[in-house]
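What follows is target23.pdb (PDB, C-alpha atoms).
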```
ATOM      1  CA  MET A 845      83.743  98.616  85.068
ATOM      2  CA  ALA A 846      80.658  97.862  87.090
ATOM      3  CA  SER A 847      77.208  98.081  85.618
ATOM      4  CA  ILE A 848      74.043  98.759  87.517
ATOM      5  CA  PHE A 849      71.181  96.351  86.830
ATOM      6  CA  SER A 850      67.621  96.408  87.992
ATOM      7  CA  LYS A 851      65.387  93.369  88.370
ATOM      8  CA  THR A 852      62.171  93.658  86.427
ATOM      9  CA  THR A 853      59.567  90.936  86.107
ATOM     10  CA  ASP A 854      61.514  88.149  84.399
ATOM     11  CA  HIS A 855      64.835  89.669  83.380
ATOM     12  CA  TRP A 856      67.592  92.014  84.411
ATOM     13  CA  GLN A 857      67.459  95.429  82.833
ATOM     14  CA  LEU A 858      70.568  97.483  82.249
ATOM     15  CA  ILE A 859      70.190 100.904  83.825
ATOM     16  CA  MET A 860      73.627 102.318  83.162
ATOM     17  CA  GLY A 861      76.318 101.198  80.689
ATOM     18  CA  ARG A 862      79.677  99.974  81.839
ATOM     19  CA  THR A 863      82.561 102.340  82.213
ATOM     20  CA  VAL A 864      85.748 101.427  80.359
ATOM     21  CA  LEU A 865      88.998 103.062  81.398
ATOM     22  CA  PRO A 866      91.117 104.642  78.669
ATOM     23  CA  TYR A 867      93.718 102.097  77.591
ATOM     24  CA  SER A 868      96.539 104.504  78.432
ATOM     25  CA  GLN A 869      95.403 104.306  82.064
ATOM     26  CA  VAL A 870      95.203 100.518  81.846
ATOM     27  CA  TRP A 871      98.752 100.470  80.430
ATOM     28  CA  GLU A 872     100.013 102.690  83.246
ATOM     29  CA  ALA A 873      98.290 100.570  85.911
ATOM     30  CA  GLU A 874      99.843  97.413  84.454
ATOM     31  CA  ARG A 875     103.260  99.071  84.333
ATOM     32  CA  GLN A 876     102.882 100.109  87.985
ATOM     33  CA  ARG A 877     101.850  96.576  88.911
ATOM     34  CA  TRP A 878     105.201  95.289  87.600
ATOM     35  CA  GLN A 879     107.372  97.880  89.401
ATOM     36  CA  LYS A 880     108.283  95.557  92.272
ATOM     37  CA  PHE A 881     109.524  92.986  89.743
ATOM     38  CA  ARG A 882     111.440  95.744  87.915
ATOM     39  CA  ARG A 883     113.172  96.891  91.096
ATOM     40  CA  ALA A 884     114.398  93.331  91.692
ATOM     41  CA  LEU A 885     116.130  93.275  88.291
ATOM     42  CA  ARG A 886     119.748  94.270  87.761
ATOM     43  CA  LYS A 887     120.213  97.885  86.656
ATOM     44  CA  GLU A 888     121.026  96.976  83.021
ATOM     45  CA  ASP A 889     117.995  94.678  82.885
ATOM     46  CA  GLN A 890     115.755  97.446  84.222
ATOM     47  CA  ALA A 891     116.554  99.533  81.140
ATOM     48  CA  HIS A 892     115.551  96.642  78.859
ATOM     49  CA  PHE A 893     112.414  96.059  80.906
ATOM     50  CA  ASP A 894     111.470  99.733  80.546
ATOM     51  CA  ARG A 895     111.959  99.514  76.775
ATOM     52  CA  LEU A 896     109.574  96.550  76.655
ATOM     53  CA  PHE A 897     106.817  98.587  78.267
ATOM     54  CA  GLU A 898     107.583 101.547  76.019
ATOM     55  CA  SER A 899     107.231  99.286  72.983
ATOM     56  CA  ALA A 900     103.818  98.224  74.280
ATOM     57  CA  ARG A 901     102.880 101.880  74.622
ATOM     58  CA  LEU A 902     103.407 102.323  70.878
ATOM     59  CA  HIS A 903     100.253 100.269  70.325
ATOM     60  CA  LEU A 904      97.826 101.851  72.782
ATOM     61  CA  GLN A 905      95.177 102.320  70.097
ATOM     62  CA  ALA A 906      95.225  98.659  69.117
ATOM     63  CA  GLY A 907      95.094  97.593  72.768
ATOM     64  CA  GLY A 908      92.129  99.846  73.434
ATOM     65  CA  TYR A 909      90.343  98.647  70.319
ATOM     66  CA  ALA A 910      90.879  95.010  71.290
ATOM     67  CA  SER A 911      89.244  95.688  74.658
ATOM     68  CA  ASN A 912      90.816  92.515  76.015
ATOM     69  CA  PRO A 913      89.730  91.559  79.556
ATOM     70  CA  TRP A 914      93.408  90.691  80.229
ATOM     71  CA  PRO A 915      95.287  93.786  79.062
ATOM     72  CA  LEU A 916      98.677  92.185  79.675
ATOM     73  CA  GLU A 917      97.988  89.898  76.688
ATOM     74  CA  SER A 918      97.606  92.902  74.382
ATOM     75  CA  MET A 919     100.707  94.467  75.870
ATOM     76  CA  LEU A 920     102.757  91.307  75.384
ATOM     77  CA  LEU A 921     101.621  91.027  71.776
ATOM     78  CA  SER A 922     102.603  94.658  71.243
ATOM     79  CA  MET A 923     106.047  93.923  72.676
ATOM     80  CA  LEU A 924     106.388  90.885  70.426
ATOM     81  CA  LEU A 925     105.303  92.930  67.415
ATOM     82  CA  GLU A 926     108.051  95.483  68.059
ATOM     83  CA  HIS A 927     110.601  92.693  68.510
ATOM     84  CA  GLN A 928     109.474  91.126  65.231
ATOM     85  CA  LYS A 929     109.852  94.462  63.433
ATOM     86  CA  ASP A 930     113.371  94.853  64.861
ATOM     87  CA  LEU A 931     114.253  91.287  63.911
ATOM     88  CA  SER A 932     112.982  91.783  60.355
ATOM     89  CA  ALA A 933     114.973  95.008  59.992
ATOM     90  CA  LEU A 934     118.140  93.266  61.205
ATOM     91  CA  ALA A 935     117.560  90.346  58.842
ATOM     92  CA  GLU A 936     117.156  92.771  55.939
ATOM     93  CA  GLN A 937     120.370  94.595  56.883
ATOM     94  CA  LEU A 938     122.198  91.271  57.100
ATOM     95  CA  LYS A 939     120.863  90.259  53.700
ATOM     96  CA  ARG A 940     122.099  93.532  52.150
ATOM     97  CA  LEU A 941     125.495  93.151  53.809
ATOM     98  CA  GLU A 942     125.852  89.555  52.585
ATOM     99  CA  GLN A 943     124.914  90.659  49.060
ATOM    100  CA  LEU A 944     127.494  93.448  49.186
ATOM    101  CA  LEU A 945     130.154  91.005  50.384
ATOM    102  CA  ARG A 946     129.365  88.666  47.481
ATOM    103  CA  GLU A 947     129.586  91.531  44.983
ATOM    104  CA  ARG A 948     132.685  93.242  46.413
ATOM    105  CA  PRO A 949     134.401  91.057  49.008
ATOM    106  CA  THR A 950     137.528  93.191  49.374
ATOM    107  CA  ALA A 951     135.715  96.555  49.355
ATOM    108  CA  ALA A 952     133.719  95.576  52.436
ATOM    109  CA  LEU A 953     136.925  94.960  54.369
ATOM    110  CA  THR A 954     138.666  98.280  53.685
ATOM    111  CA  LYS A 955     138.600 101.008  56.297
ATOM    112  CA  ASN A 956     137.540 103.711  53.817
ATOM    113  CA  SER A 957     134.504 101.803  52.538
ATOM    114  CA  PRO A 958     131.203 103.702  52.336
ATOM    115  CA  ASN A 959     128.458 102.729  54.741
ATOM    116  CA  LEU A 960     127.618  99.110  53.952
ATOM    117  CA  LEU A 961     124.083  99.267  55.218
TER     118      LEU A 961
END
```
So, in terms of structure tokens, how does the structure I just supplied come out?
Amino acid sequence: MASIFSKTTDHWQLIMGRTVLPYSQVWEAERQRWQKFRRALRKEDQAHFDRLFESARLHLQAGGYASNPWPLESMLLSMLLEHQKDLSALAEQLKRLEQLLRERPTAALTKNSPNLL
């Protein structure tokens, strides 16, 4: 990410533009940076940890577009976005289930009921 500048009379002149790594490489470097932490987690927590990073990977384009100097911030927001989507989907399923229970309370309790969701 270094730029090369040259001193002219009263100002610095940019000779070469800065190089920006592809965000997929930034994501991978950040994931690698957290591997020691991951290894210290219990096995079942490691799987959840991996899913967090995979959810951040779903938003590589947005992270690259944001060009944030602290890429972990973009990654954390991506993780939160995926959690929010999951939470909203669960809330919607719960709402439909509650509605079905209000409409047909005994049908929801029978073993042969169609899929409630």
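Each of A:Leu945, A:Leu931, A:Ala884, A:Met923 was compared to Arg901 in chain A using only C-alpha atoms, and A:Met923 turns out to be the nearest.
Separating CA of Gln879 in chain A from CA of Ser899 in chain A is a distance of 16.5 Å.
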Skipping near chain neighbours, those fewer than 5 positions away, what residues fall within 9 Å of Leu916 in chain A using all atoms listed in the file, listed as a PyMOL selection string?
chain A and resi 871+874+921
At a cut-off of 7 Å from (104.9, 98.3, 72.5) in the coordinates of the file, what residues are picked up using all atoms listed in the file, written as a ChimeraX atom specification?
/A:896-903,919,922-923,926
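Separating CA of Tyr867 in chain A from CA of Gly908 in chain A is a distance of 5.0 Å.
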